[in-house]
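For reference, start19.csv (CSV, C-alpha atoms and all ligand atoms):
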chain,number,residue,atom,x,y,z
A,1,MET,CA,27.6,-89.3,72.9
A,2,SER,CA,26.1,-91.3,75.8
A,3,THR,CA,23.2,-93.7,75.2
A,4,PRO,CA,19.9,-92.4,76.6
A,5,GLU,CA,17.9,-94.3,79.1
A,6,PRO,CA,15.2,-96.3,77.4
A,7,ILE,CA,11.8,-94.6,77.6
A,8,GLY,CA,9.8,-97.8,77.3
A,9,ASP,CA,6.0,-98.2,77.3
A,10,PHE,CA,4.1,-96.7,80.2
A,11,THR,CA,0.8,-95.2,81.2
A,12,HIS,CA,1.0,-92.0,83.2
A,13,THR,CA,-1.9,-90.2,85.0
A,14,THR,CA,-1.6,-86.6,85.9
A,15,LEU,CA,-4.1,-85.4,88.6
A,16,GLY,CA,-5.8,-82.2,87.8
A,17,GLN,CA,-5.6,-79.3,90.2
A,18,GLN,CA,-4.6,-75.7,90.3
A,19,VAL,CA,-1.5,-74.7,92.2
A,20,ARG,CA,-0.7,-71.2,93.2
A,21,PHE,CA,2.5,-69.9,94.9
A,22,ALA,CA,1.5,-66.8,96.7
A,23,THR,CA,4.0,-65.8,99.4
A,24,GLY,CA,2.4,-63.2,101.6
A,25,THR,CA,-0.7,-63.0,99.4
A,26,SER,CA,-2.4,-66.3,100.2
A,27,ALA,CA,-5.6,-64.7,101.6
A,28,THR,CA,-6.3,-63.1,98.3
A,29,ALA,CA,-5.4,-66.3,96.4
A,30,VAL,CA,-7.7,-68.4,98.6
A,31,ALA,CA,-10.6,-65.9,98.3
A,32,GLU,CA,-10.2,-65.9,94.5
A,33,ALA,CA,-10.2,-69.8,94.5
A,34,VAL,CA,-13.4,-69.9,96.6
A,35,ALA,CA,-15.1,-67.4,94.3
A,36,ALA,CA,-14.0,-69.3,91.3
A,37,LEU,CA,-15.7,-72.4,92.8
A,38,SER,CA,-18.9,-70.3,93.1
A,39,ALA,CA,-18.8,-71.1,96.8
A,40,SER,CA,-20.1,-68.8,99.6
A,41,ARG,CA,-20.1,-70.9,102.8
A,42,VAL,CA,-16.7,-71.8,103.9
A,43,MET,CA,-15.8,-74.5,106.5
A,44,LEU,CA,-12.3,-73.4,107.6
A,45,ILE,CA,-10.3,-76.2,109.1
A,46,ALA,CA,-7.1,-75.5,111.1
A,47,GLY,CA,-5.6,-76.9,114.3
A,48,GLU,CA,-4.7,-74.8,117.3
A,49,SER,CA,-1.1,-74.2,116.2
A,50,GLU,CA,-2.3,-73.2,112.8
A,51,ALA,CA,-4.8,-70.7,114.1
A,52,ALA,CA,-2.8,-67.5,113.4
A,53,MET,CA,-2.4,-68.5,109.7
A,54,ALA,CA,-6.0,-69.5,109.5
A,55,ASP,CA,-7.0,-66.0,110.9
A,56,GLN,CA,-5.1,-64.3,108.1
A,57,VAL,CA,-6.8,-66.5,105.4
A,58,ALA,CA,-10.2,-66.0,107.1
A,59,ALA,CA,-10.1,-62.3,106.8
A,60,ASP,CA,-11.3,-62.3,103.1
A,61,LEU,CA,-13.6,-65.3,103.3
A,62,PRO,CA,-17.3,-66.0,103.9
A,63,VAL,CA,-16.6,-68.4,106.8
A,64,VAL,CA,-19.7,-70.1,108.3
A,65,LEU,CA,-17.7,-72.6,110.4
A,66,ARG,CA,-14.3,-72.6,112.0
A,67,HIS,CA,-13.3,-76.2,112.8
A,68,ARG,CA,-10.3,-76.7,115.1
A,69,GLU,CA,-10.3,-80.3,116.1
A,70,VAL,CA,-7.4,-81.8,114.1
A,71,VAL,CA,-5.7,-85.0,115.2
A,72,MET,CA,-2.8,-86.8,113.4
A,73,HIS,CA,-3.9,-89.9,111.3
A,74,VAL,CA,-7.5,-88.7,111.3
A,75,PRO,CA,-9.3,-90.9,113.9
A,76,ILE,CA,-12.7,-91.9,112.6
A,77,GLU,CA,-14.6,-90.2,115.5
A,78,VAL,CA,-12.8,-86.9,114.7
A,79,ALA,CA,-13.7,-87.3,111.1
A,80,GLU,CA,-17.4,-88.0,111.9
A,81,ARG,CA,-17.6,-84.9,114.1
A,82,ALA,CA,-16.2,-82.8,111.3
A,83,ARG,CA,-18.5,-84.3,108.7
A,84,ALA,CA,-21.6,-83.7,110.9
A,85,ALA,CA,-20.4,-80.1,111.6
A,86,ALA,CA,-20.0,-79.5,107.8
A,87,VAL,CA,-23.6,-80.7,107.2
A,88,GLU,CA,-25.0,-78.7,110.0
A,89,ALA,CA,-23.3,-75.5,108.9
A,90,GLY,CA,-24.4,-76.0,105.3
A,91,ALA,CA,-20.8,-75.5,104.1
A,92,ASP,CA,-20.2,-75.6,100.3
A,93,VAL,CA,-16.4,-75.5,100.3
A,94,LEU,CA,-13.6,-76.7,102.6
A,95,VAL,CA,-10.6,-74.5,103.2
A,96,SER,CA,-7.8,-76.3,105.1
A,97,VAL,CA,-4.8,-74.4,106.6
A,98,GLY,CA,-2.2,-76.6,108.1
A,99,GLY,CA,-0.1,-79.7,107.8
A,100,GLY,CA,-0.9,-83.1,106.5
A,101,SER,CA,-3.2,-83.8,109.5
A,102,THR,CA,-5.4,-80.8,108.7
A,103,THR,CA,-5.4,-81.6,105.0
A,104,GLY,CA,-6.3,-85.2,105.9
A,105,LEU,CA,-9.3,-84.1,107.9
A,106,ALA,CA,-10.6,-81.9,105.0
A,107,LYS,CA,-10.2,-85.0,102.8
A,108,ALA,CA,-12.2,-87.1,105.2
A,109,VAL,CA,-15.0,-84.6,105.0
A,110,ALA,CA,-14.7,-84.3,101.2
A,111,LEU,CA,-14.9,-88.1,100.9
A,112,THR,CA,-18.5,-88.3,102.2
A,113,SER,CA,-19.7,-84.9,101.2
A,114,GLY,CA,-18.1,-84.3,97.8
A,115,LEU,CA,-17.3,-80.7,98.9
A,116,PRO,CA,-14.3,-79.2,97.1
A,117,ILE,CA,-11.1,-78.5,99.0
A,118,VAL,CA,-8.9,-75.4,98.8
A,119,ALA,CA,-5.7,-76.4,100.7
A,120,VAL,CA,-3.2,-74.1,102.2
A,121,PRO,CA,-0.3,-76.4,103.3
A,122,THR,CA,1.9,-75.3,106.2
A,123,THR,CA,4.3,-78.3,106.2
A,124,TYR,CA,6.1,-80.3,103.5
A,125,ALA,CA,4.0,-83.5,103.9
A,126,GLY,CA,2.5,-83.2,100.4
A,127,SER,CA,-1.0,-84.6,101.1
A,128,GLU,CA,-2.5,-81.7,99.1
A,129,ALA,CA,-1.1,-83.2,95.8
A,130,THR,CA,-2.6,-86.6,96.2
A,131,ASP,CA,-6.0,-88.2,95.9
A,132,VAL,CA,-5.2,-90.5,98.9
A,133,TRP,CA,-7.2,-90.3,102.1
A,134,GLY,CA,-6.4,-91.9,105.5
A,135,LEU,CA,-8.6,-92.8,108.5
A,136,THR,CA,-7.7,-94.5,111.8
A,137,GLU,CA,-10.2,-96.8,113.5
A,138,ALA,CA,-9.4,-98.9,116.5
A,139,ALA,CA,-5.6,-98.2,116.1
A,140,ARG,CA,-5.7,-99.4,112.4
A,141,LYS,CA,-5.0,-97.0,109.7
A,142,THR,CA,-6.9,-97.4,106.4
A,143,THR,CA,-6.1,-95.6,103.3
A,144,GLY,CA,-7.8,-95.4,99.9
A,145,SER,CA,-8.0,-93.1,96.9
A,146,HIS,CA,-10.9,-91.1,95.6
A,147,PRO,CA,-11.0,-88.2,93.1
A,148,ASP,CA,-13.2,-86.1,95.4
A,149,VAL,CA,-10.4,-85.8,98.1
A,150,LEU,CA,-7.9,-84.2,95.7
A,151,PRO,CA,-7.9,-80.5,96.6
A,152,ARG,CA,-9.1,-78.5,93.6
A,153,VAL,CA,-6.8,-75.6,94.4
A,154,VAL,CA,-3.5,-75.6,96.4
A,155,VAL,CA,-2.2,-72.3,97.7
A,156,TYR,CA,1.4,-72.2,99.0
A,157,ASP,CA,2.5,-69.3,101.2
A,158,ALA,CA,6.1,-69.6,102.3
A,159,SER,CA,5.5,-67.1,105.0
A,160,PHE,CA,3.2,-69.6,106.7
A,161,THR,CA,6.0,-72.1,107.2
A,162,VAL,CA,8.3,-69.6,109.0
A,163,GLY,CA,6.8,-70.6,112.4
A,164,LEU,CA,7.4,-74.3,111.8
A,165,PRO,CA,9.9,-75.4,114.5
A,166,GLU,CA,13.3,-76.4,113.1
A,167,SER,CA,13.0,-80.1,114.0
A,168,MET,CA,9.7,-80.3,112.3
A,169,THR,CA,11.0,-78.4,109.2
A,170,VAL,CA,13.8,-80.9,108.9
A,171,ALA,CA,11.7,-84.0,109.5
A,172,SER,CA,8.9,-82.8,107.2
A,173,GLY,CA,11.4,-81.8,104.5
A,174,LEU,CA,12.9,-85.3,104.6
A,175,ASN,CA,9.4,-86.7,104.5
A,176,ALA,CA,9.1,-84.8,101.2
A,177,MET,CA,12.5,-86.1,100.1
A,178,ALA,CA,11.2,-89.6,100.8
A,179,HIS,CA,8.3,-89.1,98.4
A,180,CYS,CA,10.6,-88.3,95.5
A,181,VAL,CA,13.3,-90.9,96.3
A,182,ASP,CA,10.8,-93.7,96.8
A,183,SER,CA,8.9,-92.8,93.6
A,184,LEU,CA,12.0,-93.7,91.6
A,185,TRP,CA,11.3,-97.4,92.2
A,186,ALA,CA,7.6,-97.4,93.1
A,187,PRO,CA,5.2,-99.7,91.2
A,188,ARG,CA,4.2,-97.0,88.6
A,189,ALA,CA,7.6,-95.3,88.3
A,190,ASP,CA,8.0,-93.8,84.8
A,191,PRO,CA,10.2,-91.2,83.1
A,192,ILE,CA,7.7,-88.4,83.8
A,193,ASN,CA,7.5,-88.9,87.5
A,194,ALA,CA,11.2,-89.6,87.6
A,195,ALA,CA,11.8,-86.1,86.0
A,196,LEU,CA,9.6,-84.5,88.7
A,197,ALA,CA,11.3,-86.5,91.4
A,198,ALA,CA,14.8,-85.4,90.3
A,199,GLU,CA,13.9,-81.7,90.3
A,200,ALA,CA,12.1,-82.2,93.7
A,201,ALA,CA,15.3,-83.7,95.2
A,202,ARG,CA,17.4,-80.9,93.8
A,203,ALA,CA,15.0,-78.2,95.3
A,204,LEU,CA,14.7,-79.9,98.7
A,205,HIS,CA,18.5,-80.4,98.9
A,206,GLN,CA,19.0,-76.7,98.1
A,207,GLY,CA,16.2,-75.3,100.2
A,208,MET,CA,16.6,-77.3,103.5
A,209,PRO,CA,20.0,-76.0,104.5
A,210,LEU,CA,19.0,-72.4,103.6
A,211,VAL,CA,16.0,-72.7,105.9
A,212,VAL,CA,18.0,-74.1,108.8
A,213,ALA,CA,20.7,-71.4,108.4
A,214,GLU,CA,18.1,-68.6,108.2
A,215,PRO,CA,14.7,-69.8,109.5
A,216,SER,CA,13.0,-66.5,108.6
A,217,GLY,CA,14.4,-66.4,105.0
A,218,LEU,CA,11.7,-66.9,102.4
A,219,PRO,CA,13.7,-68.1,99.4
A,220,GLY,CA,14.7,-71.4,101.1
A,221,ARG,CA,11.1,-71.9,102.3
A,222,GLU,CA,9.8,-71.4,98.8
A,223,GLN,CA,12.3,-73.9,97.4
A,224,MET,CA,11.2,-76.4,100.0
A,225,LEU,CA,7.5,-75.9,99.2
A,226,TYR,CA,8.2,-76.2,95.5
A,227,GLY,CA,10.2,-79.3,96.0
A,228,ALA,CA,7.6,-80.8,98.4
A,229,TYR,CA,4.9,-80.2,95.8
A,230,LEU,CA,6.9,-81.8,92.9
A,231,ALA,CA,7.8,-84.7,95.2
A,232,ALA,CA,4.2,-85.3,96.2
A,233,VAL,CA,3.0,-85.1,92.5
A,234,SER,CA,5.7,-87.7,91.7
A,235,PHE,CA,4.6,-89.9,94.6
A,236,ALA,CA,0.9,-89.6,93.7
A,237,SER,CA,1.7,-90.8,90.2
A,238,ALA,CA,4.3,-93.5,91.0
A,239,GLY,CA,2.6,-95.0,94.0
A,240,SER,CA,4.1,-96.4,97.2
A,241,GLY,CA,7.5,-98.0,97.1
A,242,LEU,CA,9.2,-99.9,99.9
A,243,HIS,CA,10.0,-96.8,102.0
A,244,HIS,CA,6.3,-95.9,102.2
A,245,LYS,CA,5.2,-99.4,103.1
A,246,ILE,CA,7.7,-99.3,106.0
A,247,ALA,CA,6.6,-95.9,107.2
A,248,HIS,CA,2.9,-97.0,106.9
A,249,VAL,CA,3.5,-100.1,109.1
A,250,LEU,CA,5.6,-98.1,111.7
A,251,GLY,CA,3.1,-95.2,111.8
A,252,GLY,CA,-0.1,-97.3,111.7
A,253,THR,CA,0.9,-100.2,114.0
A,254,TYR,CA,3.4,-98.6,116.3
A,255,ASN,CA,2.0,-95.1,116.2
A,256,LEU,CA,5.4,-93.5,115.4
A,257,PRO,CA,5.3,-89.8,114.4
A,258,HIS,CA,4.9,-89.5,110.6
A,259,ALA,CA,7.5,-87.1,109.4
A,260,GLN,CA,10.2,-88.2,111.9
A,261,THR,CA,9.7,-91.8,110.9
A,262,HIS,CA,10.1,-91.0,107.2
A,263,ALA,CA,13.2,-88.9,107.9
A,264,THR,CA,14.9,-91.7,109.9
A,265,VAL,CA,14.1,-94.6,107.6
A,266,LEU,CA,14.9,-93.0,104.3
A,267,PRO,CA,18.7,-93.5,104.2
A,268,TYR,CA,18.3,-97.2,105.0
A,269,VAL,CA,15.9,-97.8,102.1
A,270,LEU,CA,18.3,-95.8,99.8
A,271,ALA,CA,21.3,-97.8,101.0
A,272,LEU,CA,19.4,-101.0,100.3
A,273,ASN,CA,17.9,-100.2,96.9
A,274,ALA,CA,20.3,-97.7,95.2
A,275,PRO,CA,23.0,-100.3,94.3
A,276,ALA,CA,20.4,-102.2,92.4
A,277,ALA,CA,18.7,-99.2,90.9
A,278,PRO,CA,21.4,-97.5,88.7
A,279,ALA,CA,19.1,-95.0,87.0
A,280,ALA,CA,17.7,-93.8,90.4
A,281,GLU,CA,21.2,-93.7,91.8
A,282,ARG,CA,22.4,-91.5,88.8
A,283,ARG,CA,19.4,-89.1,89.0
A,284,LEU,CA,19.7,-88.6,92.8
A,285,ALA,CA,23.5,-88.2,92.8
A,286,ALA,CA,23.2,-85.6,90.1
A,287,ALA,CA,20.4,-83.8,92.0
A,288,PHE,CA,22.5,-83.7,95.1
A,289,GLY,CA,25.7,-82.9,93.3
A,290,SER,CA,27.4,-85.8,95.1
A,291,ALA,CA,29.5,-88.8,94.2
A,292,THR,CA,26.7,-91.2,95.2
A,293,ALA,CA,23.0,-90.7,96.2
A,294,LEU,CA,23.6,-92.0,99.7
A,295,GLU,CA,26.6,-89.7,100.2
A,296,GLY,CA,24.5,-86.7,99.1
A,297,LEU,CA,21.5,-87.6,101.4
A,298,ASN,CA,23.7,-88.3,104.4
A,299,ALA,CA,25.6,-85.0,103.9
A,300,LEU,CA,22.3,-83.2,103.8
A,301,ARG,CA,21.1,-85.0,106.9
A,302,ALA,CA,24.2,-84.1,108.8
A,303,ALA,CA,24.0,-80.5,107.7
A,304,VAL,CA,20.4,-80.1,108.9
A,305,GLY,CA,20.6,-82.3,112.0
A,306,ALA,CA,18.2,-85.0,110.9
A,307,PRO,CA,16.8,-87.5,113.3
A,308,THR,CA,18.9,-90.7,113.2
A,309,ALA,CA,17.3,-93.6,115.2
A,310,LEU,CA,13.8,-95.1,115.4
A,311,ARG,CA,14.4,-95.8,119.1
A,312,ASP,CA,14.4,-92.1,119.7
A,313,VAL,CA,10.8,-91.8,118.4
A,314,GLY,CA,9.3,-94.8,120.4
A,315,PHE,CA,10.1,-97.9,118.3
A,316,ARG,CA,11.3,-100.9,120.3
A,317,ALA,CA,13.9,-103.5,119.2
A,318,GLU,CA,11.6,-106.3,120.2
A,319,ASP,CA,9.0,-105.1,117.6
A,320,VAL,CA,11.5,-105.5,114.7
A,321,PRO,CA,10.5,-109.1,113.7
A,322,ALA,CA,6.8,-108.4,113.6
A,323,ALA,CA,7.3,-105.1,111.8
A,324,ALA,CA,9.5,-106.8,109.2
A,325,ALA,CA,6.9,-109.5,108.7
A,326,ALA,CA,4.2,-106.8,108.2
A,327,VAL,CA,6.3,-104.9,105.7
A,328,LEU,CA,7.1,-108.1,103.8
A,329,ALA,CA,3.4,-108.8,103.5
A,330,ALA,CA,2.8,-105.3,102.1
A,331,ALA,CA,6.0,-104.9,100.1
A,332,PRO,CA,5.4,-103.6,96.6
A,333,PRO,CA,6.3,-105.9,93.7
A,334,GLY,CA,9.4,-105.0,91.7
A,335,ASN,CA,11.5,-103.6,94.5
A,336,PRO,CA,15.0,-103.3,93.0
A,337,VAL,CA,16.4,-105.7,95.7
A,338,PRO,CA,14.5,-108.9,96.4
A,339,LEU,CA,13.0,-108.7,99.9
A,340,ASP,CA,12.9,-111.3,102.6
A,341,GLN,CA,12.3,-111.3,106.4
A,342,ARG,CA,16.0,-111.3,107.2
A,343,THR,CA,16.8,-108.3,104.9
A,344,LEU,CA,13.9,-106.3,106.4
A,345,GLU,CA,14.9,-107.2,110.0
A,346,ARG,CA,18.4,-106.1,109.3
A,347,LEU,CA,17.2,-102.8,107.8
A,348,LEU,CA,14.8,-102.1,110.7
A,349,HIS,CA,17.3,-103.0,113.3
A,350,ALA,CA,19.9,-100.7,111.9
A,351,ALA,CA,17.3,-97.9,111.7
A,352,TRP,CA,16.2,-98.6,115.3
A,353,GLU,CA,19.8,-98.3,116.4
A,354,GLY,CA,20.8,-95.5,114.1
A,355,THR,CA,23.8,-97.3,112.7
A,356,ALA,CA,24.8,-97.8,109.0
A,357,LEU,CA,23.2,-100.7,107.1
B,1,LIG,P1,1.0,-82.5,111.1
B,1,LIG,O1,0.0,-82.0,110.1
B,1,LIG,O2,0.4,-83.4,112.1
B,1,LIG,O3,1.7,-81.3,111.8
B,1,LIG,C1,2.6,-81.5,112.8
B,1,LIG,C2,2.5,-80.4,113.9
B,1,LIG,O4,3.0,-79.2,113.4
B,1,LIG,C3,1.0,-80.2,114.3
B,1,LIG,O5,1.0,-79.9,115.7
B,1,LIG,C4,0.7,-78.9,113.5
B,1,LIG,O6,-0.4,-78.2,114.1
B,1,LIG,C5,2.0,-78.2,113.5
B,1,LIG,N1,2.1,-77.2,112.4
B,1,LIG,C6,1.8,-77.4,111.1
B,1,LIG,N2,2.2,-76.4,110.4
B,1,LIG,C7,2.7,-75.5,111.2
B,1,LIG,C8,3.4,-74.2,111.0
B,1,LIG,N3,3.5,-73.7,109.8
B,1,LIG,N4,3.8,-73.6,112.1
B,1,LIG,C9,3.8,-74.1,113.3
B,1,LIG,N5,3.2,-75.3,113.6
B,1,LIG,C10,2.7,-76.0,112.5
B,1,LIG,O7,2.2,-83.3,110.4
B,1,LIG,P2,2.5,-83.6,108.9
B,1,LIG,O8,3.8,-84.3,108.9
B,1,LIG,O9,2.4,-82.4,108.0
B,1,LIG,O10,1.3,-84.5,108.4
B,1,LIG,C11,1.2,-85.9,108.8
B,1,LIG,C12,-0.1,-86.5,108.4
B,1,LIG,O11,-0.3,-86.3,107.1
B,1,LIG,C13,-0.1,-88.0,108.7
B,1,LIG,O12,-1.3,-88.4,109.2
B,1,LIG,C14,0.1,-88.6,107.3
B,1,LIG,O13,-0.4,-89.9,107.2
B,1,LIG,C15,-0.6,-87.6,106.5
B,1,LIG,N6,-0.2,-87.5,105.0
B,1,LIG,C16,-1.0,-87.9,104.1
B,1,LIG,C17,-0.6,-87.9,102.8
B,1,LIG,C18,-1.6,-88.3,101.7
B,1,LIG,O14,-1.3,-88.3,100.5
B,1,LIG,N7,-2.8,-88.7,102.1
B,1,LIG,C19,0.7,-87.5,102.4
B,1,LIG,C20,1.5,-87.1,103.4
B,1,LIG,C21,1.1,-87.1,104.7
Mind turning the file's structure into structure tokens?
Ligand code: NAD
Amino acid sequence: MSTPEPIGDFTHTTLGQQVRFATGTSATAVAEAVAALSASRVMLIAGESEAAMADQVAADLPVVLRHREVVMHVPIEVAERARAAAVEAGADVLVSVGGGSTTGLAKAVALTSGLPIVAVPTTYAGSEATDVWGLTEAARKTTGSHPDVLPRVVVYDASFTVGLPESMTVASGLNAMAHCVDSLWAPRADPINAALAAEAARALHQGMPLVVAEPSGLPGREQMLYGAYLAAVSFASAGSGLHHKIAHVLGGTYNLPHAQTHATVLPYVLALNAPAAPAAERRLAAAFGSATALEGLNALRAAVGAPTALRDVGFRAEDVPAAAAAVLAAAPPGNPVPLDQRTLERLLHAAWEGTAL
């Protein structure tokens, strides 16, 4: 009989929210959620490319305001306009239909108004499962956590992700994969979030190739949403590991696209950390059904045509030293491998070039 991994002493916080999987029936599920909150004045937030899905959800709702100005990383002036509009309309609930940017705007409004959010995510970014908000002011991204920004209800409708372009499906799916992989060595990693992370990795690994092979097929899309949710719950509980600190620096300082940056950097962080994180390595290899975690991730990336180099998304080689210094300053304690400027420069340069670490 093999020796079990030690459980150890730990404190785990589970965030409270209701989650509904409602493929093809999200309008009814959202209407029920709004009624259960005793709300009757809906501010519906959705960007232009999310409008058709928002129309479907709006059909059964008492909408007093339809807000369409959604911008990635939530610039403060965009948040201020949405906050003022919510007050002016007398909204008593926020319904967001869209990706992480749309959920992020709803969170910005909830942060100052305390209004409850019903979130209908249409990507795999996972913001809906966290109490983390983000705002950008003068090209600097600030994040924080507050209980009011955690959506009270999340409604997943796999049919809403069918229109997500393939490149975004892959990048966003790997963004979700980054949540569960990074949570295995994040500051508050524990056996509960590790169990969620392993199941998330399995579901994403199974779902992503199905979606790429058959974009209109719902079973793969449902697997991906299920995996994305578990991954985000795991991340919300475990906190940010090295991967997320790198993505935060690259997105915030160099304005690189969120999902594509995560998708590109993940194999580099895994290659660095996995040899020094045997429990994470075992869990991921088992979830992927592969000899090693990195082999499994790379095979998946090849099968779905993942982005490979940061230079393709606007990062410049000359920015590597400053980015490495910024990551080092923000690096979480307890990373499996000790971090220094040289190691991070090597990682970022390889990711810039798209070559193995
Ligand atoms: P996004 O929300 O910006 O969406 C990318 C593009 O896809 C947008 O143009 C959007 O309109 C479009 N789109 C979304 N869903 C679609 C669909 N189903 N069909 C067609 N088009 C669709 O990108 P994202 O990667 O989902 O979110 C990124 C943002 O979320 C970043 O600002 C990031 O910081 C934030 N985020 C926050 C957290 C958190 O916990 N606070 C977690 C993850 C991501």
Taking 5 positions as the minimum chain separation for residues in the same chain, which residues sit within 9 Å of region 177-187 of chain A when counting all atoms listed in the file? Answer as an MDAnalysis selection string. chainID A and resid 125:126 172 193:194 196:198 200:201 204:205 227:228 230:244 262:263 265:266 269:270 273 277 279:280 284 332:336
Selected residue of minimal separation from Val70 (chain A) among A:Gly296, A:Pro219, A:Gly134, A:Gly99, counting all atoms listed in the file: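 Among A:Gly296, A:Pro219, A:Gly134, A:Gly99, it is A:Gly99 that comes nearest to Val70 (chain A).
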Enumerate residues in contact with ligand LIG 1 (chain B): an atom-to-atom distance of at most 6 Å, counting only C-alpha atoms and all ligand atoms. Format the result as a PyMOL selection string. chain A and resi 47+49-50+72-73+98-102+122-123+125-127+130+132-134+160-161+163-164+172+258-259
Dump as an mmCIF file, in the frame of the given file, selection limited to C-alpha atoms:
data_model
loop_
_atom_site.group_PDB
_atom_site.id
_atom_site.type_symbol
_atom_site.label_atom_id
_atom_site.label_comp_id
_atom_site.auth_asym_id
_atom_site.auth_seq_id
_atom_site.Cartn_x
_atom_site.Cartn_y
_atom_site.Cartn_z
ATOM 1 C CA GLY A 47 -5.600 -76.900 114.300
ATOM 2 C CA SER A 49 -1.100 -74.200 116.200
ATOM 3 C CA GLU A 50 -2.300 -73.200 112.800
ATOM 4 C CA MET A 72 -2.800 -86.800 113.400
ATOM 5 C CA HIS A 73 -3.900 -89.900 111.300
ATOM 6 C CA GLY A 98 -2.200 -76.600 108.100
ATOM 7 C CA GLY A 99 -0.100 -79.700 107.800
ATOM 8 C CA GLY A 100 -0.900 -83.100 106.500
ATOM 9 C CA SER A 101 -3.200 -83.800 109.500
ATOM 10 C CA THR A 102 -5.400 -80.800 108.700
ATOM 11 C CA THR A 122 1.900 -75.300 106.200
ATOM 12 C CA THR A 123 4.300 -78.300 106.200
ATOM 13 C CA ALA A 125 4.000 -83.500 103.900
ATOM 14 C CA GLY A 126 2.500 -83.200 100.400
ATOM 15 C CA SER A 127 -1.000 -84.600 101.100
ATOM 16 C CA THR A 130 -2.600 -86.600 96.200
ATOM 17 C CA VAL A 132 -5.200 -90.500 98.900
ATOM 18 C CA TRP A 133 -7.200 -90.300 102.100
ATOM 19 C CA GLY A 134 -6.400 -91.900 105.500
ATOM 20 C CA PHE A 160 3.200 -69.600 106.700
ATOM 21 C CA THR A 161 6.000 -72.100 107.200
ATOM 22 C CA GLY A 163 6.800 -70.600 112.400
ATOM 23 C CA LEU A 164 7.400 -74.300 111.800
ATOM 24 C CA SER A 172 8.900 -82.800 107.200
ATOM 25 C CA HIS A 258 4.900 -89.500 110.600
ATOM 26 C CA ALA A 259 7.500 -87.100 109.400
#
Please list as a list in words every residue within 6 Å of Val97 (chain A), counting only C-alpha atoms and excluding residues in the same chain fewer than 4 positions away. Ala46, Ala54, Val120 and Pro121 of chain A
Show which residues sit within 6 Å of Gly220 (chain A), as a PyMOL selection string. Count only C-alpha atoms, and ignore same-chain residues fewer than 2 positions away. chain A and resi 207+210-211+218+222-223
Please list as a PyMOL selection string every residue within 7 Å of region 339-345 of chain A, counting all atoms listed in the file and excluding residues in the same chain fewer than 3 positions away. chain A and resi 320-321+324-325+328+348-349
Reconstruct N, CA, C and O atoms of region 91-100 of chain A; output as a PDB file, in the frame of the given file.
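The resulting result36.pdb:
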ATOM      1  N   ALA A  91     -22.002 -75.985 104.806  1.00  0.00           N
ATOM      2  CA  ALA A  91     -20.800 -75.500 104.100  1.00  0.00           C
ATOM      3  C   ALA A  91     -20.860 -75.974 102.624  1.00  0.00           C
ATOM      4  O   ALA A  91     -21.404 -77.041 102.302  1.00  0.00           O
ATOM      5  N   ASP A  92     -20.297 -75.147 101.731  1.00  0.00           N
ATOM      6  CA  ASP A  92     -20.200 -75.600 100.300  1.00  0.00           C
ATOM      7  C   ASP A  92     -18.775 -75.602  99.824  1.00  0.00           C
ATOM      8  O   ASP A  92     -18.544 -75.870  98.644  1.00  0.00           O
ATOM      9  N   VAL A  93     -17.813 -75.358 100.683  1.00  0.00           N
ATOM     10  CA  VAL A  93     -16.400 -75.500 100.300  1.00  0.00           C
ATOM     11  C   VAL A  93     -15.605 -75.700 101.604  1.00  0.00           C
ATOM     12  O   VAL A  93     -15.991 -75.214 102.666  1.00  0.00           O
ATOM     13  N   LEU A  94     -14.514 -76.452 101.496  1.00  0.00           N
ATOM     14  CA  LEU A  94     -13.600 -76.700 102.600  1.00  0.00           C
ATOM     15  C   LEU A  94     -12.319 -75.956 102.381  1.00  0.00           C
ATOM     16  O   LEU A  94     -11.724 -76.140 101.305  1.00  0.00           O
ATOM     17  N   VAL A  95     -11.891 -75.140 103.320  1.00  0.00           N
ATOM     18  CA  VAL A  95     -10.600 -74.500 103.200  1.00  0.00           C
ATOM     19  C   VAL A  95      -9.746 -75.038 104.373  1.00  0.00           C
ATOM     20  O   VAL A  95     -10.126 -74.882 105.533  1.00  0.00           O
ATOM     21  N   SER A  96      -8.645 -75.722 104.063  1.00  0.00           N
ATOM     22  CA  SER A  96      -7.800 -76.300 105.100  1.00  0.00           C
ATOM     23  C   SER A  96      -6.505 -75.440 105.184  1.00  0.00           C
ATOM     24  O   SER A  96      -5.913 -75.138 104.149  1.00  0.00           O
ATOM     25  N   VAL A  97      -6.095 -75.083 106.399  1.00  0.00           N
ATOM     26  CA  VAL A  97      -4.800 -74.400 106.600  1.00  0.00           C
ATOM     27  C   VAL A  97      -4.032 -75.138 107.615  1.00  0.00           C
ATOM     28  O   VAL A  97      -4.379 -75.148 108.800  1.00  0.00           O
ATOM     29  N   GLY A  98      -3.015 -75.850 107.169  1.00  0.00           N
ATOM     30  CA  GLY A  98      -2.200 -76.600 108.100  1.00  0.00           C
ATOM     31  C   GLY A  98      -1.423 -77.717 107.476  1.00  0.00           C
ATOM     32  O   GLY A  98      -1.290 -77.779 106.247  1.00  0.00           O
ATOM     33  N   GLY A  99      -0.900 -78.598 108.320  1.00  0.00           N
ATOM     34  CA  GLY A  99      -0.100 -79.700 107.800  1.00  0.00           C
ATOM     35  C   GLY A  99      -0.886 -80.847 107.287  1.00  0.00           C
ATOM     36  O   GLY A  99      -2.104 -80.723 107.054  1.00  0.00           O
ATOM     37  N   GLY A 100      -0.221 -81.986 107.119  1.00  0.00           N
ATOM     38  CA  GLY A 100      -0.900 -83.100 106.500  1.00  0.00           C
ATOM     39  C   GLY A 100      -2.082 -83.623 107.334  1.00  0.00           C
ATOM     40  O   GLY A 100      -3.047 -84.150 106.759  1.00  0.00           O
TER      41      GLY A 100
END
